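Structure file input-v3.csv (CSV, C-alpha atoms) follows.
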chain,number,residue,atom,x,y,z
A,1,MET,CA,9.2,10.8,6.3
A,2,VAL,CA,7.6,12.6,9.2
A,3,GLU,CA,10.8,14.3,10.2
A,4,PHE,CA,11.4,15.4,6.7
A,5,GLY,CA,7.9,16.6,6.0
A,6,GLN,CA,7.2,18.7,9.1
A,7,ASN,CA,6.7,22.4,8.0
A,8,PRO,CA,8.5,21.9,4.7
A,9,SER,CA,9.6,25.0,2.8
A,10,GLN,CA,9.4,25.2,-1.0
A,11,GLY,CA,13.1,24.4,-1.1
A,12,THR,CA,12.6,21.3,1.0
A,13,LEU,CA,9.8,20.2,-1.3
A,14,LEU,CA,12.1,20.7,-4.3
A,15,ARG,CA,14.7,18.5,-2.6
A,16,ALA,CA,12.0,15.8,-2.2
A,17,ALA,CA,11.0,16.3,-5.9
A,18,GLN,CA,14.6,15.7,-6.9
A,19,PHE,CA,14.7,12.5,-4.9
A,20,LEU,CA,11.5,11.2,-6.5
A,21,HIS,CA,12.7,12.3,-10.0
A,22,ASP,CA,15.7,10.0,-9.5
A,23,GLU,CA,14.2,7.2,-7.4
A,24,LEU,CA,10.8,6.5,-9.1
A,25,PRO,CA,12.2,5.7,-12.6
A,26,ILE,CA,14.5,3.1,-11.0
A,27,ARG,CA,11.6,1.4,-9.2
A,28,LEU,CA,9.4,1.5,-12.3
A,29,ALA,CA,12.2,0.1,-14.5
A,30,HIS,CA,12.8,-2.8,-12.1
A,31,ARG,CA,9.1,-3.7,-12.3
A,32,VAL,CA,9.1,-3.5,-16.2
A,33,VAL,CA,12.1,-5.9,-16.3
A,34,GLU,CA,10.3,-8.3,-14.0
A,35,LEU,CA,7.1,-8.1,-16.0
A,36,ASP,CA,9.0,-8.8,-19.2
A,37,SER,CA,10.8,-11.9,-17.7
A,38,LEU,CA,7.7,-13.7,-16.3
A,39,PRO,CA,7.7,-17.4,-17.2
A,40,ASP,CA,5.3,-19.6,-19.2
A,41,ASN,CA,3.9,-16.8,-21.4
A,42,LEU,CA,2.5,-15.0,-18.3
A,43,ASN,CA,4.3,-12.0,-19.7
A,44,GLN,CA,2.3,-12.2,-22.9
A,45,MET,CA,-1.1,-12.1,-21.3
A,46,PRO,CA,-3.1,-9.1,-22.5
A,47,SER,CA,-3.7,-7.7,-19.0
A,48,VAL,CA,-0.1,-8.1,-18.0
A,49,LEU,CA,0.9,-6.2,-21.2
A,50,ARG,CA,-1.5,-3.4,-20.2
A,51,VAL,CA,0.2,-3.1,-16.8
A,52,LYS,CA,3.6,-3.1,-18.4
A,53,ARG,CA,2.5,-0.3,-20.7
A,54,MET,CA,1.4,1.7,-17.7
A,55,TYR,CA,4.8,1.4,-16.1
A,56,ILE,CA,6.6,2.2,-19.3
A,57,ASP,CA,4.5,5.3,-19.8
A,58,SER,CA,5.1,6.5,-16.3
A,59,PHE,CA,8.9,5.8,-16.6
A,60,ASN,CA,9.0,7.9,-19.9
A,61,GLU,CA,7.0,10.7,-18.3
A,62,LEU,CA,9.5,11.0,-15.4
A,63,VAL,CA,12.7,10.7,-17.4
A,64,ASN,CA,11.5,13.3,-19.9
A,65,PHE,CA,10.4,15.7,-17.1
A,66,PRO,CA,12.7,18.7,-17.1
A,67,ARG,CA,15.6,18.7,-14.7
A,68,VAL,CA,16.0,21.5,-12.2
A,69,SER,CA,17.7,24.5,-13.7
A,70,ASP,CA,21.1,25.7,-12.5
A,71,ARG,CA,19.5,29.0,-11.3
A,72,ILE,CA,17.1,27.1,-9.1
A,73,LYS,CA,19.8,24.7,-7.9
A,74,ASP,CA,22.1,27.6,-6.8
A,75,ALA,CA,19.2,29.4,-5.0
A,76,VAL,CA,18.2,26.3,-3.1
A,77,LYS,CA,21.8,25.3,-2.4
A,78,GLY,CA,22.3,28.8,-0.8
A,79,ALA,CA,19.4,28.2,1.6
A,80,THR,CA,20.3,24.6,2.5
A,81,VAL,CA,21.5,23.9,6.0
A,82,HIS,CA,25.0,22.5,5.8
A,83,ALA,CA,26.4,22.9,9.3
A,84,ASN,CA,26.1,19.8,11.4
A,85,ALA,CA,25.1,21.9,14.4
A,86,GLU,CA,22.1,23.3,12.5
A,87,ARG,CA,21.0,20.2,10.7
A,88,ARG,CA,18.2,18.0,11.9
A,89,HIS,CA,19.5,14.4,11.9
A,90,LEU,CA,17.2,11.4,11.1
A,91,PRO,CA,16.8,8.7,13.7
A,92,GLU,CA,18.5,5.3,12.9
A,93,SER,CA,16.3,2.7,11.1
A,94,ASN,CA,16.2,-1.0,11.6
A,95,THR,CA,15.8,-3.9,9.1
A,96,ASN,CA,12.2,-4.6,8.5
A,97,PRO,CA,11.7,-8.0,10.2
A,98,ALA,CA,8.5,-9.0,8.5
A,99,VAL,CA,10.0,-9.3,5.1
A,100,SER,CA,13.5,-10.6,5.9
A,101,ASP,CA,12.6,-14.0,4.4
A,102,MET,CA,11.1,-12.6,1.1
A,103,PRO,CA,13.1,-13.7,-2.0
A,104,ARG,CA,14.8,-10.7,-3.6
A,105,VAL,CA,16.1,-10.0,-7.0
A,106,ALA,CA,19.8,-9.9,-7.1
A,107,SER,CA,21.4,-6.5,-8.1
A,108,SER,CA,25.0,-5.4,-8.4
A,109,HIS,CA,24.0,-1.7,-8.2
A,110,TRP,CA,25.0,-0.3,-4.8
A,111,ILE,CA,22.9,2.6,-3.6
A,112,PRO,CA,24.0,4.6,-0.5
A,113,PRO,CA,21.4,5.1,2.2
A,114,ILE,CA,18.7,7.6,1.2
A,115,GLN,CA,19.1,9.8,4.2
A,116,HIS,CA,22.7,10.4,3.3
A,117,ARG,CA,21.8,11.5,-0.2
A,118,TYR,CA,18.7,13.5,0.1
A,119,HIS,CA,17.8,14.7,3.6
A,120,TYR,CA,18.7,18.3,3.3
A,121,GLU,CA,16.9,20.9,5.3
A,122,VAL,CA,16.2,24.1,3.4
A,123,LYS,CA,15.6,27.2,5.3
A,124,PRO,CA,12.4,29.2,4.4
A,125,ALA,CA,14.4,31.8,2.6
A,126,GLU,CA,13.2,34.0,-0.3
A,127,LEU,CA,13.5,31.7,-3.3
A,128,PRO,CA,12.8,32.3,-7.0
A,129,VAL,CA,9.2,31.9,-8.0
A,130,GLU,CA,10.4,29.1,-10.4
A,131,VAL,CA,10.9,26.9,-7.4
A,132,THR,CA,7.2,26.9,-6.5
A,133,GLU,CA,6.2,26.6,-10.2
A,134,TYR,CA,8.6,23.6,-10.6
A,135,ASN,CA,7.1,21.9,-7.5
A,136,ARG,CA,3.5,22.5,-8.8
A,137,SER,CA,4.3,21.1,-12.2
A,138,PHE,CA,6.0,18.0,-10.8
A,139,VAL,CA,3.1,17.3,-8.6
A,140,LYS,CA,0.7,17.4,-11.5
A,141,SER,CA,2.9,14.8,-13.2
A,142,LEU,CA,2.8,12.7,-10.1
A,143,GLU,CA,-1.0,13.0,-10.0
A,144,ARG,CA,-1.3,11.7,-13.6
A,145,ILE,CA,1.0,8.8,-12.8
A,146,LYS,CA,-1.0,7.9,-9.7
A,147,ARG,CA,-4.3,7.9,-11.6
A,148,ARG,CA,-2.7,5.9,-14.4
A,149,HIS,CA,-1.7,3.2,-11.9
A,150,ASP,CA,-5.1,3.1,-10.0
A,151,PRO,CA,-6.2,-0.2,-11.8
A,152,VAL,CA,-2.9,-2.0,-11.6
A,153,VAL,CA,-4.0,-4.6,-8.9
A,154,THR,CA,-7.2,-5.6,-10.6
A,155,THR,CA,-5.7,-5.5,-14.1
A,156,LEU,CA,-2.7,-7.7,-13.1
A,157,ALA,CA,-5.2,-10.0,-11.3
A,158,HIS,CA,-7.0,-10.5,-14.6
A,159,GLY,CA,-3.7,-11.2,-16.2
A,160,VAL,CA,-3.2,-14.1,-13.7
A,161,VAL,CA,-6.8,-15.3,-14.5
A,162,GLU,CA,-5.9,-15.3,-18.2
A,163,TYR,CA,-2.7,-17.2,-17.4
A,164,LYS,CA,-4.5,-19.9,-15.3
A,165,GLN,CA,-7.0,-20.4,-18.1
A,166,LEU,CA,-4.2,-20.8,-20.6
A,167,GLN,CA,-2.4,-23.3,-18.4
A,168,LYS,CA,-5.6,-25.0,-17.5
A,169,THR,CA,-4.7,-24.9,-13.8
A,170,ASN,CA,-6.3,-23.4,-10.6
A,171,ARG,CA,-3.0,-22.7,-8.9
A,172,ILE,CA,0.0,-20.5,-9.5
A,173,ASP,CA,3.5,-21.7,-8.8
A,174,ALA,CA,5.9,-20.3,-6.1
A,175,SER,CA,7.9,-18.1,-8.6
A,176,VAL,CA,4.7,-16.3,-9.7
A,177,GLN,CA,3.6,-15.9,-6.0
A,178,HIS,CA,7.0,-14.4,-5.1
A,179,PHE,CA,6.9,-12.1,-8.1
A,180,LEU,CA,3.4,-10.8,-7.1
A,181,ASP,CA,4.6,-10.2,-3.5
A,182,ARG,CA,7.6,-8.2,-4.7
A,183,PHE,CA,5.5,-6.4,-7.3
A,184,TYR,CA,2.7,-5.3,-5.0
A,185,LEU,CA,5.0,-4.4,-2.1
A,186,SER,CA,6.9,-2.2,-4.6
A,187,ARG,CA,3.6,-0.7,-5.7
A,188,ILE,CA,2.7,0.2,-2.1
A,189,GLY,CA,6.1,1.9,-1.7
A,190,ILE,CA,5.7,3.9,-5.0
A,191,ARG,CA,2.2,5.0,-4.1
A,192,MET,CA,3.3,5.9,-0.6
A,193,LEU,CA,6.1,8.2,-2.0
A,194,ILE,CA,3.9,9.7,-4.6
A,195,GLY,CA,1.0,10.3,-2.2
A,196,GLN,CA,3.3,11.8,0.4
A,197,GLN,CA,4.8,14.3,-2.1
A,198,ILE,CA,1.3,15.3,-3.4
A,199,GLU,CA,-0.1,15.9,0.1
A,200,LEU,CA,2.9,17.8,1.3
A,201,ASN,CA,2.6,20.2,-1.6
A,202,GLN,CA,-1.1,20.8,-0.7
A,203,GLN,CA,0.1,22.7,2.4
A,204,ARG,CA,-2.9,21.6,4.4
A,205,ARG,CA,-2.9,22.9,7.9
A,206,ASP,CA,-3.9,19.8,9.9
A,207,PRO,CA,-1.6,19.5,12.9
A,208,ASN,CA,-2.1,15.7,13.1
A,209,PHE,CA,-1.0,15.0,9.5
A,210,VAL,CA,2.4,15.1,7.8
A,211,GLY,CA,1.4,14.3,4.2
A,212,VAL,CA,-0.6,11.1,4.3
A,213,ILE,CA,0.8,10.1,7.7
A,214,CYS,CA,-1.3,10.8,10.7
A,215,THR,CA,0.8,11.4,13.8
A,216,ASN,CA,-2.2,10.8,16.0
A,217,THR,CA,-4.2,8.1,14.3
A,218,ASN,CA,-7.2,7.2,16.5
A,219,VAL,CA,-7.5,3.4,16.2
A,220,ALA,CA,-11.1,3.2,17.4
A,221,GLN,CA,-12.3,5.8,14.9
A,222,VAL,CA,-10.6,4.2,11.9
A,223,VAL,CA,-11.8,0.7,12.9
A,224,GLN,CA,-15.3,1.9,13.5
A,225,GLU,CA,-15.4,3.5,10.0
A,226,ALA,CA,-14.1,0.2,8.5
A,227,ILE,CA,-16.9,-1.7,10.4
A,228,ASP,CA,-19.6,0.6,9.1
A,229,ASN,CA,-18.3,0.4,5.5
A,230,ALA,CA,-17.9,-3.4,5.6
A,231,ARG,CA,-21.5,-3.9,7.0
A,232,TYR,CA,-22.9,-1.5,4.4
A,233,ILE,CA,-21.1,-3.2,1.5
A,234,CYS,CA,-22.0,-6.7,2.8
A,235,GLY,CA,-25.7,-5.8,3.3
A,236,ASP,CA,-25.8,-4.4,-0.2
A,237,TYR,CA,-24.1,-7.4,-1.8
A,238,TYR,CA,-26.3,-10.0,-0.1
A,239,VAL,CA,-29.4,-7.8,-0.1
A,240,LEU,CA,-29.7,-8.1,3.7
A,241,MET,CA,-31.7,-6.0,6.2
A,242,ASN,CA,-30.1,-7.9,9.1
A,243,THR,CA,-26.3,-7.8,8.7
A,244,PRO,CA,-24.2,-9.6,11.3
A,245,ALA,CA,-23.3,-7.3,14.3
A,246,ILE,CA,-19.7,-6.4,14.8
A,247,GLU,CA,-18.6,-5.7,18.4
A,248,LEU,CA,-15.6,-3.4,18.9
A,249,HIS,CA,-13.5,-3.5,22.1
A,250,CYS,CA,-10.9,-0.8,21.9
A,251,PRO,CA,-9.8,2.1,24.2
A,252,LYS,CA,-11.3,5.2,22.8
A,253,ASP,CA,-8.2,7.3,23.2
A,254,LEU,CA,-5.7,4.8,21.7
A,255,ALA,CA,-3.7,6.6,19.0
A,256,PHE,CA,-0.4,6.2,17.3
A,257,MET,CA,1.4,7.3,14.1
A,258,TYR,CA,0.2,5.5,11.0
A,259,VAL,CA,-1.4,5.9,7.6
A,260,PRO,CA,-5.2,5.8,8.3
A,261,SER,CA,-6.1,4.7,4.7
A,262,HIS,CA,-3.8,1.7,5.1
A,263,LEU,CA,-5.3,0.8,8.5
A,264,HIS,CA,-8.8,1.1,7.2
A,265,HIS,CA,-8.0,-1.0,4.1
A,266,MET,CA,-6.6,-3.9,6.2
A,267,VAL,CA,-9.4,-4.0,8.8
A,268,PHE,CA,-12.0,-3.6,6.1
A,269,GLU,CA,-10.7,-6.6,4.2
A,270,LEU,CA,-10.6,-8.8,7.3
A,271,LEU,CA,-14.2,-7.8,8.2
A,272,LYS,CA,-15.4,-8.5,4.7
A,273,ASN,CA,-14.0,-12.0,4.9
A,274,SER,CA,-15.6,-12.6,8.4
A,275,LEU,CA,-19.0,-11.2,7.3
A,276,ARG,CA,-19.0,-13.3,4.2
A,277,ALA,CA,-18.0,-16.5,6.1
A,278,VAL,CA,-20.8,-16.0,8.7
A,279,ILE,CA,-23.5,-15.2,6.2
A,280,GLU,CA,-22.6,-18.1,3.9
A,281,LEU,CA,-22.5,-20.5,6.9
A,282,TYR,CA,-25.9,-19.5,8.4
A,283,GLY,CA,-27.6,-18.5,5.1
A,284,ASP,CA,-28.8,-15.1,4.0
A,285,GLU,CA,-32.3,-15.7,5.4
A,286,ALA,CA,-31.1,-16.4,9.0
A,287,GLU,CA,-33.0,-14.4,11.7
A,288,LYS,CA,-29.8,-14.0,13.8
A,289,TYR,CA,-26.1,-14.3,13.3
A,290,PRO,CA,-23.3,-14.7,15.9
A,291,PRO,CA,-21.5,-11.4,16.3
A,292,ILE,CA,-18.0,-10.7,14.9
A,293,LYS,CA,-15.7,-9.4,17.6
A,294,VAL,CA,-12.9,-6.9,17.1
A,295,VAL,CA,-10.5,-6.6,20.0
A,296,VAL,CA,-7.6,-4.1,20.0
A,297,ALA,CA,-4.7,-4.4,22.4
A,298,GLU,CA,-1.8,-2.0,23.0
A,299,GLY,CA,1.7,-3.3,23.6
A,300,ASN,CA,5.1,-1.7,23.9
A,301,GLU,CA,6.1,-2.7,20.3
A,302,ASP,CA,2.8,-3.4,18.5
A,303,ILE,CA,-0.8,-2.5,18.5
A,304,THR,CA,-2.7,-5.7,17.7
A,305,ILE,CA,-6.2,-6.0,16.2
A,306,LYS,CA,-7.9,-9.3,16.5
A,307,VAL,CA,-10.9,-10.1,14.3
A,308,SER,CA,-12.9,-13.1,15.5
A,309,ASP,CA,-15.8,-14.8,13.7
A,310,GLU,CA,-17.9,-17.9,14.0
A,311,GLY,CA,-18.0,-18.5,10.2
A,312,GLY,CA,-17.1,-22.2,10.2
A,313,GLY,CA,-13.3,-21.8,10.0
A,314,ILE,CA,-10.8,-22.9,7.4
A,315,PRO,CA,-9.6,-26.5,6.9
A,316,ARG,CA,-6.0,-27.0,8.1
A,317,SER,CA,-5.0,-28.2,4.6
A,318,ALA,CA,-6.1,-24.9,3.1
A,319,MET,CA,-4.4,-22.6,5.6
A,320,GLU,CA,-1.3,-22.0,3.4
A,321,GLN,CA,-3.4,-21.5,0.3
A,322,VAL,CA,-5.3,-18.5,1.8
A,323,TRP,CA,-2.1,-16.5,1.3
A,324,THR,CA,-1.9,-17.4,-2.4
A,325,TYR,CA,-3.1,-14.8,-4.9
A,326,MET,CA,-6.2,-15.8,-6.7
A,327,TYR,CA,-7.2,-18.4,-4.1
A,328,THR,CA,-10.8,-17.7,-3.3
A,329,THR,CA,-14.0,-19.6,-2.7
A,330,ALA,CA,-16.1,-17.0,-4.4
A,331,GLN,CA,-16.7,-16.7,-8.2
A,332,THR,CA,-14.1,-14.5,-9.8
A,333,PRO,CA,-15.9,-11.4,-11.2
A,334,MET,CA,-15.3,-10.2,-14.7
A,335,LEU,CA,-14.4,-6.5,-14.9
A,336,ASP,CA,-14.7,-4.2,-17.8
A,337,PRO,CA,-11.4,-4.0,-19.7
A,338,GLU,CA,-11.5,-0.2,-19.0
A,339,PHE,CA,-11.9,-0.6,-15.3
A,340,ASN,CA,-9.8,2.1,-13.7
A,341,GLN,CA,-10.5,2.0,-10.0
A,342,SER,CA,-7.8,1.5,-7.3
A,343,ASP,CA,-7.5,-1.8,-5.3
A,344,PHE,CA,-9.4,0.0,-2.5
A,345,LYS,CA,-12.5,-0.2,-4.7
A,346,ALA,CA,-12.4,-3.8,-5.9
A,347,PRO,CA,-15.6,-6.0,-5.6
A,348,LEU,CA,-16.6,-7.7,-2.3
A,349,ALA,CA,-14.9,-11.0,-3.1
A,350,GLY,CA,-13.6,-13.2,-6.0
A,351,PHE,CA,-10.0,-12.2,-6.7
A,352,GLY,CA,-8.4,-13.8,-3.7
A,353,TYR,CA,-6.3,-10.7,-3.1
A,354,GLY,CA,-7.7,-9.4,0.2
A,355,LEU,CA,-5.5,-11.4,2.6
A,356,PRO,CA,-2.2,-11.4,0.8
A,357,LEU,CA,-2.4,-7.7,0.0
A,358,SER,CA,-3.5,-6.8,3.5
A,359,ARG,CA,-0.4,-8.7,4.8
A,360,LEU,CA,1.8,-6.7,2.5
A,361,TYR,CA,0.3,-3.4,3.8
A,362,ALA,CA,1.0,-4.5,7.3
A,363,ARG,CA,4.5,-5.7,6.5
A,364,TYR,CA,5.4,-2.5,4.7
A,365,PHE,CA,5.6,-0.7,8.1
A,366,GLY,CA,7.1,-3.6,10.0
A,367,GLY,CA,3.9,-5.3,11.1
A,368,ASP,CA,2.3,-8.6,10.1
A,369,LEU,CA,-1.0,-10.5,9.6
A,370,LYS,CA,-1.6,-14.0,10.9
A,371,LEU,CA,-4.5,-16.4,11.0
A,372,ILE,CA,-5.5,-19.0,13.4
A,373,SER,CA,-8.6,-21.1,12.5
A,374,MET,CA,-10.7,-23.8,14.0
A,375,GLU,CA,-12.5,-25.8,11.3
A,376,GLY,CA,-16.1,-26.2,12.3
A,377,TYR,CA,-16.1,-23.1,14.4
A,378,GLY,CA,-14.4,-19.9,13.1
A,379,THR,CA,-11.3,-17.9,12.5
A,380,ASP,CA,-9.2,-15.4,14.4
A,381,ALA,CA,-7.1,-12.9,12.4
A,382,TYR,CA,-4.3,-11.1,14.2
A,383,LEU,CA,-3.2,-7.8,12.6
A,384,HIS,CA,0.1,-6.6,14.2
A,385,LEU,CA,0.9,-2.9,13.6
A,386,SER,CA,4.4,-1.7,14.6
A,387,ARG,CA,4.2,1.4,16.7
A,388,LEU,CA,7.9,2.1,16.8
A,389,SER,CA,8.1,3.6,13.3
A,390,ASP,CA,11.8,2.8,13.0
A,391,ASN,CA,11.8,0.1,10.3
A,392,GLU,CA,13.4,0.5,6.9
A,393,GLU,CA,11.3,0.4,3.8
A,394,PRO,CA,11.2,-3.2,2.5
A,395,LEU,CA,12.6,-2.8,-1.0
A,396,ALA,CA,12.2,-6.0,-3.0

Please re-express this file's structure in structure tokens.
Amino acid sequence: MVEFGQNPSQGTLLRAAQFLHDELPIRLAHRVVELDSLPDNLNQMPSVLRVKRMYIDSFNELVNFPRVSDRIKDAVKGATVHANAERRHLPESNTNPAVSDMPRVASSHWIPPIQHRYHYEVKPAELPVEVTEYNRSFVKSLERIKRRHDPVVTTLAHGVVEYKQLQKTNRIDASVQHFLDRFYLSRIGIRMLIGQQIELNQQRRDPNFVGVICTNTNVAQVVQEAIDNARYICGDYYVLMNTPAIELHCPKDLAFMYVPSHLHHMVFELLKNSLRAVIELYGDEAEKYPPIKVVVAEGNEDITIKVSDEGGGIPRSAMEQVWTYMYTTAQTPMLDPEFNQSDFKAPLAGFGYGLPLSRLYARYFGGDLKLISMEGYGTDAYLHLSRLSDNEEPLA
């Protein structure tokens, strides 16, 4: 994505729009089919039906969006680099190791590698004004779709709550868990593609950014911002003047290529869990809390962020459950049916989505998230971030 998006011409952006015009309806349709085939009446829950309607509306908007005219096609084709000597070739990608064991839905539809179908470099030649107008119109459609899907995570979470109440159970079975993993991983990919296309069309002149990807993400800065936000939210939630301290041990100049919003989201979720564990163990009237420690280490393959707390730990029998959606020790909040915020703006706790979603964000780019806990003492969370940037997108 970085190779493709560096200094894109309007013709290159049109090629990207053609890819999304073809690719996004396929991804949306797969999710609609899965939502429709959920077991035990889960597919009939009001909130699940709302999510399905969002995906159907977005599918219809894309398939009904006008195709590129022949005049524009001919103009862009004439400016496209065809000679192998001139073309910029994409580096080889590797299978994403973090999701190799994730159950996948069988499909008989073979799709050739994306880089063979769509990576055409278009020279910055004089193109018809219709090219720019088409790109602008397509981006507006993508922005509508992105806003429409902002509340998907929390809305589907309410669908699972409705399902658990109907089934009179506190757990979800493995098939639903695997569906949610696939669904949310697909959502991350869809929003990544849409966000990248929108940002590339903004033509912002920041040398460190290619779309939403920062080629020089400063880890210490992003983690410190997550620390400040987590402490503020926690202090507001518990009405505390004395929020637990968070110590950061990270080289100031450590930087690598990543999506800063993803990194912030994952670290923020881990810190929220640690802050809540410490405060609820020691009480909200404690004069002093043990500090939470964040240690960042740089390796050849990964950058690893360890978040350590002394919040009492997790019983060994509950370790597998922490990765289960809707597993939480907090009271599940009731949101207004018209709640339309993204998953980055969900409440402090109560949905049990923080850890499983953070693990999916890490795995999307070939990383992972692991927990080691000592019951009676505290928990260490290890967030592994792949710095090689050569993993295939984990399509489920």

Non-local contacts of segment 359-368 of chain A (9 Å; all atoms listed in the file; under 4 positions in same chain excluded) as a PyMOL selection string = chain A and resi 95-99+181+184-185+188-189+258+262-263+265-266+302+323+354-355+382-394

Segment 365-388 of chain A near segment 278-290 of chain A within 12 Å: what's each residue's closest atom pair and its distance in Å to one decimal, counting only C-alpha atoms, ordered by chain then ascending residue number, as JSON lines?
{"residue": "A:Gly376", "atom": "CA", "partner": "A:Leu281", "partner_atom": "CA", "distance": 10.1}
{"residue": "A:Tyr377", "atom": "CA", "partner": "A:Leu281", "partner_atom": "CA", "distance": 10.2}
{"residue": "A:Gly378", "atom": "CA", "partner": "A:Val278", "partner_atom": "CA", "distance": 8.7}
{"residue": "A:Thr379", "atom": "CA", "partner": "A:Val278", "partner_atom": "CA", "distance": 10.4}

Tell me which protein, DNA and RNA residues are within 8 Å of Leu14 of chain A, counting only C-alpha atoms, leaving out same-chain ones fewer than 2 positions away, and put them as a list in words.
-> Gln10, Gly11, Thr12, Ala16, Ala17, Gln18, Val131, Tyr134 and Asn135 of chain A

Test item: residues at most 7 Å from segment 28-44 of chain A, all atoms listed in the file, excluding those fewer than 5 positions along its chain, as a list in words | Leu49, Lys52, Tyr55, Ile56, Phe59, Tyr163 and Phe183 of chain A

Keeping only C-alpha atoms, write those residues as an mmCIF file, in the coordinates of the input.
data_model
loop_
_atom_site.group_PDB
_atom_site.id
_atom_site.type_symbol
_atom_site.label_atom_id
_atom_site.label_comp_id
_atom_site.auth_asym_id
_atom_site.auth_seq_id
_atom_site.Cartn_x
_atom_site.Cartn_y
_atom_site.Cartn_z
ATOM 1 C CA LEU A 49 0.900 -6.200 -21.200
ATOM 2 C CA LYS A 52 3.600 -3.100 -18.400
ATOM 3 C CA TYR A 55 4.800 1.400 -16.100
ATOM 4 C CA ILE A 56 6.600 2.200 -19.300
ATOM 5 C CA PHE A 59 8.900 5.800 -16.600
ATOM 6 C CA TYR A 163 -2.700 -17.200 -17.400
ATOM 7 C CA PHE A 183 5.500 -6.400 -7.300
#

Between atom CA of Ala220 of chain A and atom CA of Val307 of chain A lies a distance of 13.7 Å

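Contact shell of segment 141-143 of chain A at 7 Å (all atoms listed in the file; same-chain neighbours under 4 positions omitted): Ser137, Arg147 and Ile194 of chain A.
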
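Nearest residue to Leu127 of chain A, choosing from A:Lys168, A:Arg71, A:Lys140, A:Lys146 and counting all atoms listed in the file: A:Arg71.
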